[in-house]
$ cat protein_0.cif   # mmCIF, C-alpha atoms
data_structure
loop_
_atom_site.label_atom_id
_atom_site.label_comp_id
_atom_site.auth_asym_id
_atom_site.auth_seq_id
_atom_site.Cartn_x
_atom_site.Cartn_y
_atom_site.Cartn_z
CA ASN J 1 141.39 96.22 124.67
CA TRP J 2 139.84 94.52 121.67
CA GLU J 3 139.54 91.09 120.12
CA SER J 4 142.45 90.06 117.91
CA ILE J 5 141.68 89.59 114.21
CA LYS J 6 143.78 87.00 112.39
CA ARG J 7 143.95 88.87 109.08
CA ALA J 8 144.88 92.21 110.67
CA ASP J 9 148.34 93.63 109.94
CA PHE J 10 147.95 96.39 112.54
CA TYR J 11 145.27 98.34 114.41
CA GLU J 12 144.44 102.02 114.77
CA LEU J 13 142.72 103.25 117.93
CA GLN J 14 141.15 106.69 118.10
CA PHE J 15 139.58 108.64 120.95
CA CYS J 16 137.87 111.93 121.60
CA LYS J 17 136.13 113.76 124.37
CA VAL J 18 132.42 113.74 123.57
CA GLY J 19 131.70 116.67 121.27
CA GLU J 20 135.33 117.09 120.15
CA ALA J 21 137.35 115.82 117.16
CA TRP J 22 138.71 112.27 116.90
CA ARG J 23 142.43 111.75 117.49
CA SER J 24 144.58 108.69 116.86
CA ILE J 25 146.35 107.34 119.96
CA PHE J 26 147.54 103.88 118.87
CA ASN J 27 148.92 102.33 115.68
CA GLY J 28 150.37 98.90 116.27
CA THR J 29 150.01 95.13 116.34
CA GLY J 30 148.82 94.62 119.93
CA ASN J 31 145.24 94.33 121.12
CA PHE J 32 145.24 96.77 124.04
CA ALA J 33 146.26 100.33 124.82
CA ARG J 34 146.10 102.87 127.65
CA LYS J 35 145.23 106.55 127.46
CA ARG J 36 146.44 108.61 130.39
CA ASN J 37 145.96 112.22 131.50
CA LEU J 38 142.23 112.37 130.79
CA ASP J 39 139.90 114.75 132.61
CA SER J 40 138.12 113.27 135.62
CA ASN J 41 134.37 112.70 135.56
CA ALA J 42 134.23 113.27 131.77
CA ASP J 43 132.77 111.29 128.86
CA TYR J 44 135.13 109.94 126.18
CA GLN J 45 134.64 107.86 123.05
CA PHE J 46 136.94 105.20 121.59
CA ARG J 47 136.84 103.42 118.25
CA MET J 48 139.11 101.02 116.40
CA ARG J 49 139.82 99.81 112.88
CA TYR J 50 142.38 97.42 111.39
CA SER J 51 144.48 97.29 108.26
CA SER J 52 144.78 94.14 106.12
CA ASN J 53 146.94 94.02 102.99
CA GLY J 54 147.00 97.81 102.85
CA ASN J 55 143.24 98.26 103.20
CA PHE J 56 141.50 99.68 106.27
CA SER J 57 138.28 98.27 107.69
CA GLU J 58 135.43 100.47 108.83
CA PHE J 59 135.70 101.91 112.34
CA THR J 60 133.86 100.06 115.08
CA GLU J 61 130.89 101.65 116.77
CA PRO J 62 132.19 104.16 119.36
CA LEU J 63 132.57 102.93 122.92
CA VAL J 64 131.53 105.67 125.36
CA MET J 65 133.17 105.68 128.79
CA ARG J 66 133.16 108.09 131.73
CA THR J 67 136.30 108.63 133.77
CA HIS J 68 136.11 108.39 137.55
CA THR J 69 136.06 111.33 139.90
CA TYR J 70 139.16 111.92 142.00
CA GLU J 71 137.37 110.73 145.15
CA ASN J 72 136.20 107.58 143.35
CA ALA J 73 139.69 106.79 142.13
CA LEU J 74 141.03 106.94 145.69
CA THR J 75 138.95 103.84 146.50
CA ARG J 76 140.68 101.78 143.80
CA MET J 77 141.51 98.32 145.10
CA ALA J 78 144.83 96.56 144.69
CA SER J 79 145.12 93.94 141.98
CA PRO J 80 143.64 90.61 143.16
CA SER J 81 145.55 87.34 143.14
CA ALA J 82 144.32 84.28 141.28
CA GLU J 83 145.37 80.65 141.03
CA ALA J 84 144.12 77.72 138.98
CA ILE J 85 142.66 74.85 141.00
CA ASP J 86 142.06 72.53 138.06
CA GLY J 87 141.12 72.75 134.41
CA THR J 88 137.81 74.51 135.03
CA THR J 89 138.20 76.48 138.28
CA VAL J 90 140.21 79.51 139.39
CA ARG J 91 140.32 80.90 142.95
CA ILE J 92 140.44 84.71 143.26
CA ARG J 93 141.45 86.61 146.40
CA TRP J 94 141.50 90.35 147.03
CA ASP J 95 141.95 92.92 149.82
CA ARG J 96 138.64 94.66 150.41
CA PRO J 97 138.84 98.36 151.42
CA PRO J 98 137.58 99.11 154.97
CA LYS J 99 134.56 101.13 153.78
CA SER J 100 133.54 98.62 151.12
CA ILE J 101 130.38 96.57 151.74
CA LYS J 102 130.55 94.37 148.63
CA SER J 103 132.80 93.66 145.66
CA GLU J 104 132.40 93.11 141.94
CA ILE J 105 134.62 90.62 140.11
CA GLN J 106 135.11 90.68 136.35
CA MET J 107 137.00 88.35 134.05
CA LYS J 108 138.10 88.15 130.43
CA SER J 109 139.95 85.72 128.20
CA GLU J 110 143.57 86.38 127.28
CA GLU J 111 142.40 86.05 123.67
CA GLY J 112 140.54 89.36 123.98
CA GLY J 113 136.91 90.35 124.14
CA PRO J 114 135.03 92.41 126.74
CA TRP J 115 135.23 92.21 130.51
CA VAL J 116 132.40 90.06 131.90
CA THR J 117 130.99 90.45 135.42
CA ILE J 118 131.04 87.20 137.41
CA SER J 119 129.10 88.79 140.27
CA ASP J 120 128.75 92.21 141.93
CA GLN J 121 127.46 90.89 145.25
CA TYR J 122 130.53 89.35 146.92
CA PRO J 123 130.46 90.19 150.65
CA GLY J 124 133.85 88.62 151.39
CA SER J 125 137.30 88.70 149.83
CA THR J 126 137.56 85.37 148.01
CA ALA J 127 135.66 83.66 145.22
CA ARG J 128 135.87 80.78 142.79
CA LYS J 129 135.10 80.94 139.09
CA ARG J 130 134.00 77.59 137.71
CA GLY J 131 133.11 76.45 134.21
CA LEU J 132 136.34 77.61 132.54
CA ARG J 133 138.17 75.73 129.80
CA ALA J 134 141.30 73.70 130.42
CA GLY J 135 144.62 75.10 129.26
CA ARG J 136 143.24 78.61 128.65
CA GLY J 137 144.42 81.95 130.04
CA TYR J 138 142.17 84.38 131.94
CA LEU J 139 142.47 87.76 133.69
CA PHE J 140 140.48 89.06 136.66
CA ARG J 141 139.85 92.47 138.22
CA THR J 142 137.77 93.80 141.10
CA ARG J 143 136.22 96.92 142.59
CA GLY J 144 134.42 97.75 145.82
CA PHE J 145 131.16 99.53 146.66
CA ASN J 146 131.70 102.31 149.20
CA ARG J 147 129.02 102.41 151.91
CA GLU J 148 129.59 106.12 152.66
CA THR J 149 129.48 107.48 149.11
CA GLY J 150 127.06 104.89 147.76
CA GLU J 151 129.25 104.53 144.65
CA TRP J 152 131.49 101.93 143.08
CA GLY J 153 135.20 102.57 143.21
CA ALA J 154 137.54 102.24 140.24
CA PHE J 155 138.46 98.78 138.99
CA SER J 156 141.77 97.38 140.12
CA GLU J 157 144.61 96.58 137.77
CA PRO J 158 143.98 93.10 136.32
CA THR J 159 145.78 90.01 137.51
CA GLU J 160 148.53 88.46 135.48
CA ILE J 161 147.23 85.89 133.00
CA VAL J 162 146.10 82.82 134.96
CA GLN J 163 146.39 79.58 133.02
CA THR J 164 143.92 76.83 133.90
CA LYS J 165 145.50 73.41 134.18
CA SER J 166 145.75 71.34 131.02
CA LEU J 167 144.03 68.02 130.49
CA HIS J 168 146.27 65.10 129.51
CA PRO J 169 145.55 64.18 125.87
CA VAL J 170 145.11 60.52 126.82
CA PHE J 171 142.03 61.42 128.87
CA ALA J 172 140.60 63.45 126.00
CA GLU J 173 140.85 60.37 123.78
CA MET J 174 139.64 57.92 126.40
CA PHE J 175 136.60 59.69 127.88
CA PRO J 176 133.65 61.75 126.61
CA SER J 177 133.58 65.51 127.21
CA GLU J 178 131.20 65.09 130.18
CA LEU J 179 131.19 62.64 133.10
CA LEU J 180 128.89 61.81 136.01
CA ASN J 181 130.22 62.33 139.53
CA ALA J 182 129.28 60.32 142.63
CA ASN J 183 126.24 62.56 143.20
CA GLY J 184 124.93 61.94 139.70
CA ASP J 185 125.81 65.47 138.54
CA VAL J 186 127.22 66.11 135.07
CA VAL J 187 130.77 67.53 135.24
CA SER J 188 133.18 68.57 132.52
CA LEU J 189 136.05 66.28 131.61
CA ASP J 190 138.29 69.35 132.00
CA SER J 191 137.72 69.13 135.78
CA LEU J 192 140.27 66.29 135.81
CA ALA J 193 143.04 68.59 134.56
CA GLY J 194 145.96 68.91 136.95
CA LYS J 195 144.79 66.06 139.19
CA VAL J 196 146.06 62.57 139.91
CA VAL J 197 143.49 60.32 138.23
CA GLY J 198 142.85 56.65 138.92
CA ILE J 199 140.97 54.64 136.30
CA TYR J 200 138.99 51.78 137.84
CA PHE J 201 137.34 48.95 135.93
CA SER J 202 135.01 46.60 137.79
CA ALA J 203 131.90 44.48 137.37
CA HIS J 204 129.00 43.90 139.74
CA TRP J 205 129.17 40.15 139.14
CA CYS J 206 132.89 39.98 140.05
CA PRO J 207 133.41 38.83 143.71
CA PRO J 208 136.90 40.43 144.05
CA CYS J 209 135.47 43.68 142.67
CA ARG J 210 132.61 43.68 145.16
CA GLN J 211 135.16 43.21 147.94
CA PHE J 212 137.62 45.83 146.70
CA THR J 213 135.22 48.62 145.66
CA PRO J 214 134.21 49.61 149.25
CA MET J 215 137.89 49.67 150.22
CA LEU J 216 138.65 51.96 147.30
CA ALA J 217 135.71 54.20 148.21
CA ASN J 218 137.01 54.58 151.79
CA PHE J 219 140.50 55.34 150.50
CA TYR J 220 139.10 57.96 148.12
CA LYS J 221 137.15 59.60 150.95
CA ARG J 222 140.23 59.83 153.19
CA VAL J 223 142.37 61.31 150.41
CA LYS J 224 139.74 63.93 149.55
CA GLU J 225 139.37 64.89 153.22
CA GLN J 226 143.12 65.63 153.20
CA GLY J 227 142.55 68.09 150.34
CA GLU J 228 144.43 66.12 147.71
CA ASP J 229 143.71 66.63 144.00
CA PHE J 230 142.72 63.04 143.32
CA GLU J 231 139.87 61.54 141.32
CA ILE J 232 138.77 58.09 140.25
CA VAL J 233 136.94 57.40 137.01
#

$ encode --input "protein_0.cif" --output "structure tokens"
Amino acid sequence: NWESIKRADFYELQFCKVGEAWRSIFNGTGNFARKRNLDSNADYQFRMRYSSNGNFSEFTEPLVMRTHTYENALTRMASPSAEAIDGTTVRIRWDRPPKSIKSEIQMKSEEGGPWVTISDQYPGSTARKRGLRAGRGYLFRTRGFNRETGEWGAFSEPTEIVQTKSLHPVFAEMFPSELLNANGDVVSLDSLAGKVVGIYFSAHWCPPCRQFTPMLANFYKRVKEQGEDFEIV
């Protein structure tokens, strides 16, 4: 896959086994392709260029990749599942193979770009990715490290595109991009996306406010303990 270019009319993708001639395998308008029936445990190169108004760009620098061995491919994990918790967080779950001692999780934006490793030291089968942007789409994939072979297995198929929850435009106009939580930590405004939000105005000199604020704090605590997506600003 490659990053989409706005001025591109179509793309050409070429590949070759290292030391052999380049061959074209894709001419189209998408930003991803698959090449099947490659030799196992072999080095291949891929490069791409685009056409704009009848003129081709230069080819990208070749990307060199090695295919997995047959034994390595047998350890390929099933595609993980992922769900958006709010505007900045996605929960990922996967089935870890019996002989796997740790897992690597990678992510990428639906807009393109390279796969980025979140971590390669997950001992369990669930994780959360924080710090995402509200209303954006992401994909995730995983692989396991086999304790017997001492090698990483093949990456799973990616998840479907997971859309983080969108922030209501009223909040974007009303509040700054960052807020302080009850612990004094800076959090993104996008963390309010997808939640029920209460907006509370009070003053320390106001007797009714001083009476009501502790009641509201207790209510907030009970609601959060029940796992509800509720925040007060």

$ closest_atom_pairs --input "protein_0.cif" --of "region 169-233 of chain J" --to "region 73-96 of chain J" --cutoff "9 Å" --atoms "only C-alpha atoms" --output "JSON lines"
{"residue": "J:Ser188", "atom": "CA", "partner": "J:Thr88", "partner_atom": "CA", "distance": 7.9}
{"residue": "J:Leu189", "atom": "CA", "partner": "J:Gly87", "partner_atom": "CA", "distance": 8.7}
{"residue": "J:Asp190", "atom": "CA", "partner": "J:Gly87", "partner_atom": "CA", "distance": 5.0}
{"residue": "J:Ser191", "atom": "CA", "partner": "J:Gly87", "partner_atom": "CA", "distance": 5.2}
{"residue": "J:Leu192", "atom": "CA", "partner": "J:Gly87", "partner_atom": "CA", "distance": 6.7}
{"residue": "J:Ala193", "atom": "CA", "partner": "J:Gly87", "partner_atom": "CA", "distance": 4.6}
{"residue": "J:Gly194", "atom": "CA", "partner": "J:Asp86", "partner_atom": "CA", "distance": 5.4}
{"residue": "J:Lys195", "atom": "CA", "partner": "J:Asp86", "partner_atom": "CA", "distance": 7.1}
{"residue": "J:Asp229", "atom": "CA", "partner": "J:Asp86", "partner_atom": "CA", "distance": 8.5}

$ residues_around --input "protein_0.cif" --residues "region 6-11 of chain J" --least-positions-apart "4" --cutoff "10 Å" --atoms "only C-alpha atoms" --output "list in words"
Trp2, Phe26, Asn27, Gly28, Thr29, Gly30, Asn31, Phe32, Met48, Arg49, Tyr50, Ser51, Ser52, Asn53, Gly54, Asn55, Phe56 and Ser57 of chain J

$ atom_distance --input "protein_0.cif" --atom1 "CA of Met174 (chain J)" --atom2 "CA of Glu110 (chain J)"
28.7 Å

$ resolve_selection --input "protein_0.cif" --expression "the PyMOL selection byres ((chain J and resi 130-141) around 7)" --output "ChimeraX atom specification"
/J:79-80,87-90,105-110,128-129,142,155-167,190,193

$ residues_around --input "protein_0.cif" --residues "Tyr200 (chain J)" --least-positions-apart "3" --cutoff "10 Å" --atoms "all atoms listed in the file" --output "CSV table (one decimal) with C-alpha atoms, in the frame of the given file"
chain,number,residue,atom,x,y,z
J,197,VAL,CA,143.5,60.3,138.2
J,213,THR,CA,135.2,48.6,145.7
J,216,LEU,CA,138.6,52.0,147.3
J,232,ILE,CA,138.8,58.1,140.2
J,233,VAL,CA,136.9,57.4,137.0

$ atom_distance --input "protein_0.cif" --atom1 "CA of Gly124 (chain J)" --atom2 "CA of Asn181 (chain J)"
29.1 Å

$ resolve_selection --input "protein_0.cif" --expression "the PyMOL selection byres ((chain J and resi 99) around 10)" --output "PyMOL selection string"
chain J and resi 75+96-98+100-102+144-149

$ atom_distance --input "protein_0.cif" --atom1 "CA of Asn218 (chain J)" --atom2 "CA of Gly198 (chain J)"
14.3 Å

$ residues_around --input "protein_0.cif" --residues "Val64 (chain J)" --least-positions-apart "6" --cutoff "8 Å" --atoms "only C-alpha atoms" --output "tab-separated table (two decimals) with C-alpha atoms, in the frame of the given file"
chain	number	residue	atom	x	y	z
J	43	ASP	CA	132.77	111.29	128.86
J	44	TYR	CA	135.13	109.94	126.18
J	45	GLN	CA	134.64	107.86	123.05
J	46	PHE	CA	136.94	105.20	121.59

$ closest_residue --input "protein_0.cif" --among "J:Cys209, J:Ala42, J:Cys16, J:Ala21" --to "Leu63 (chain J)" --atoms "all atoms listed in the file"
J:Cys16
